[in-house]
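In what follows, a structure is listed as structure tokens, so that the remarks can point back to it.
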Amino acid sequence: MDTPLKRTPLYEAHVKAGARMVPFGGWEMPVQYAGIVEEHRAVRGAVGLFDVSHMGEFEVAGPHARVVLQSLTTNDVAALAVGQVQYSVLCYPNGTIVDDLTVYRLADDRFMLTVNAANIDKDWAHVTQHTEHGKDARWTNVSADTGLIAVQGPRAEALVGRLADQDVTKIGYYRFARGRVAGVPALVSRTGYTGEDGFELYAKAADTARLWAALLGAGHGDGVQPIGLGARDTLRLEMKYALYGNDIDDTTNALEAGLGWVVKPAKGAFIGGEALEKIRAEGVRRKLVGIEMVDKAVARHGYPVLKDGRRVGVVTSGSYGPSVDKYIAMAYVEAPLAGVGTELAVEVRGAAKAARVVKTPFHPSRVKKA
């Protein structure tokens, strides 16, 4: 028997708004409301709201919490100040990817991990299995109790700022603060998955619908729109942000995926560290690159990439990019062919369609890094 799909605290709001609901990672999620291109442009031009309550959140606390995270994740947790966020990766001993995630330092000895929705159970098993310190590093899975709304776009700061009880302009990129937004207690994080400025608002699951309604109401004059998974995908693709299950998974490693910048061997031993150093020393055999279609065609996940008729790689994500007005894709290709300008082809329904490797991101990032 099929397991019933889980629903976020905003399910009723999506249905009422006329969203088209689809299964995603075990959840029933909105793929679009008005239309993918329109929603994409709303985020690039104004402000969009995303329901990301399906994401998982784990907390780890205790005197050994930092030590445990140092051994589990690739990035250097010791570099995190309280109030700071870090992008990182969980690896298997062979160096392949369990998941990509963000790490929040909530206090000296308390952290939160935000993980991908489809990976919650697998990640929970992984982190608890590899924690030997027992009471000195206590794990709590707070996923079911936590709602998460992303507010993204050039007007996101003004919208959240009007509803927050503090000055959100002071929250730096990949930093967070606690406060109230529309009267709802929230963790306000200046992070996102779109390449636009904005925030991710963590609140109690029971408060999420009230927060969503308040943001939609207060953002009416800003042109706020609810945004589905379809536009979330085209927005992140234009930034060449990896999606677990498409561009990275348990058959790929962080170095070939272009995530070597979050692999910090100097910090000491971590799961997968030795394997990654061996790969680094030998050099990766393939690289994840950005591809622009020369011929008008959509390169989809799993399509073969060709060079002079020979298969040299595979497409991992592809779509029309509304902000760049081009058909774009991400693909793993043999390392010698990964240079910008390399002429390739993508096999689309039996026909070779011309493509080339291009510089990424496809669209310039507008996050506030200061």
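Residue numbers start at 1 in each chain; chains themselves are named A, B, ... in the order of the structure tokens; ligands are numbered from 1 in the order shown.
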Neighbour list for Thr316 in chain A as number ranges by chain, cut-off 8 Å, only C-alpha atoms, skip fewer than 3 positions in-chain: A: 246-247, 300-303, 329-332
Near-range 97-114 of chain A list (9 Å; only C-alpha atoms; drop same-chain fewer than 4 positions) as a ChimeraX atom specification: /A:55-66,69,77,80-92,119,122-123,126,137,143,175-176,242-244,248-254,272
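Near Val346 in chain A, within 7 Å and counting only C-alpha atoms, sit A:Ala299, A:Tyr303, A:Pro304, A:Val305, A:Leu306, A:Ala352, A:Lys353, A:Ala354, A:Ala355; same-chain residues fewer than 5 positions away were not included.
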All residues 9 Å or closer to Val47 in chain A, only C-alpha atoms, same chain fewer than 2 positions away omitted, as an MDAnalysis selection string: chainID A and resid 42:45 49 151:156 159 198 219 222:226
Straight-line distance linking CA of Gly228 in chain A with CA of Ala257 in chain A, stated in Å to one decimal: 25.8 Å
DSSP-assigned strand (DSSP E) members of range 66-277 of chain A, reported as a ChimeraX atom specification: /A:85-91,97-107,110-115,138-141,146-152,176-181,184-189,198-204,225-227
Go ahead and write the selection's residues with C-alpha atoms as a tab-separated table (two decimals), in the first residue's frame.
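Wrote it out as out02.tsv, contents follow:
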chain	number	residue	atom	x	y	z
A	85	VAL	CA	24.56	29.99	9.38
A	86	GLN	CA	26.78	27.71	7.31
A	87	TYR	CA	26.17	25.67	4.17
A	88	SER	CA	27.60	22.18	4.46
A	89	VAL	CA	27.43	18.54	3.35
A	90	LEU	CA	26.96	15.20	5.12
A	91	CYS	CA	29.04	12.43	3.54
A	97	ILE	CA	26.71	12.80	-0.43
A	98	VAL	CA	24.11	11.88	2.20
A	99	ASP	CA	22.60	15.38	1.96
A	100	ASP	CA	23.42	19.06	1.68
A	101	LEU	CA	22.21	21.20	4.56
A	102	THR	CA	22.53	24.42	6.53
A	103	VAL	CA	23.94	24.54	10.06
A	104	TYR	CA	22.73	27.21	12.51
A	105	ARG	CA	24.67	28.02	15.69
A	106	LEU	CA	21.85	28.79	18.14
A	107	ALA	CA	24.12	29.01	21.22
A	110	ARG	CA	23.35	24.24	20.60
A	111	PHE	CA	22.92	23.94	16.83
A	112	MET	CA	20.13	23.41	14.31
A	113	LEU	CA	20.47	21.55	11.00
A	114	THR	CA	18.03	22.17	8.13
A	115	VAL	CA	17.90	19.16	5.80
A	138	ARG	CA	21.50	15.20	22.47
A	139	TRP	CA	19.64	15.12	19.16
A	140	THR	CA	16.02	16.28	18.78
A	141	ASN	CA	14.05	15.99	15.54
A	146	THR	CA	8.52	23.54	12.71
A	147	GLY	CA	7.03	25.57	9.87
A	148	LEU	CA	9.25	27.41	7.38
A	149	ILE	CA	8.37	30.24	4.99
A	150	ALA	CA	10.87	31.75	2.53
A	151	VAL	CA	10.33	35.42	1.58
A	152	GLN	CA	12.48	36.16	-1.47
A	176	PHE	CA	19.89	35.08	11.79
A	177	ALA	CA	18.08	36.71	14.69
A	178	ARG	CA	15.14	35.75	16.87
A	179	GLY	CA	12.10	37.99	17.15
A	180	ARG	CA	8.48	38.31	16.18
A	181	VAL	CA	7.11	38.71	12.67
A	184	VAL	CA	4.55	35.30	15.61
A	185	PRO	CA	7.76	34.21	17.39
A	186	ALA	CA	10.24	33.39	14.61
A	187	LEU	CA	13.86	32.72	13.77
A	188	VAL	CA	14.59	35.19	10.94
A	189	SER	CA	17.38	33.88	8.72
A	198	GLY	CA	15.38	37.58	1.35
A	199	PHE	CA	14.69	35.65	4.50
A	200	GLU	CA	13.64	32.23	5.71
A	201	LEU	CA	11.27	32.42	8.68
A	202	TYR	CA	11.17	29.46	11.07
A	203	ALA	CA	8.09	29.36	13.31
A	204	LYS	CA	6.03	26.83	15.23
A	225	GLN	CA	2.73	36.23	-4.75
A	226	PRO	CA	2.77	32.68	-3.39
A	227	ILE	CA	5.36	30.67	-5.33
Every residue of range 141-294 of chain A that DSSP places in alpha helix (DSSP H), as a PyMOL selection string: chain A and resi 156-163+208-218+229-238+273-282
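Between Gly283 in chain A and the candidates A:Gly341, A:Pro336, A:Pro265, A:Gly192, the tightest atom-to-atom separation, counting only C-alpha atoms, involves A:Pro336.
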Residues within 12 Å of Met29 in chain A, only C-alpha atoms, excluding chain neighbours under 3 positions, as a PyMOL selection string: chain A and resi 5-15+19-26+32-33+50-55+117+227-230+232
Coordinates-based distance that separates CA of Ala158 in chain A from CA of Leu215 in chain A (Å, one decimal):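 Separation of CA of Leu215 in chain A and CA of Ala158 in chain A: 11.2 Å.
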Distance criterion (only C-alpha atoms): nearest to Glu292 in chain A out of A:Phe270, A:Tyr327, A:Tyr193, A:Tyr320: A:Tyr327
Best match for closeness to Asp295 in chain A among A:Leu237, A:Val348, A:Val127, A:Ile36, counting only C-alpha atoms: A:Val348
Selected residue of minimal separation from Trp212 in chain A among A:Gly273, A:Thr234, A:Gly48, A:Thr73, counting only C-alpha atoms: A:Gly48
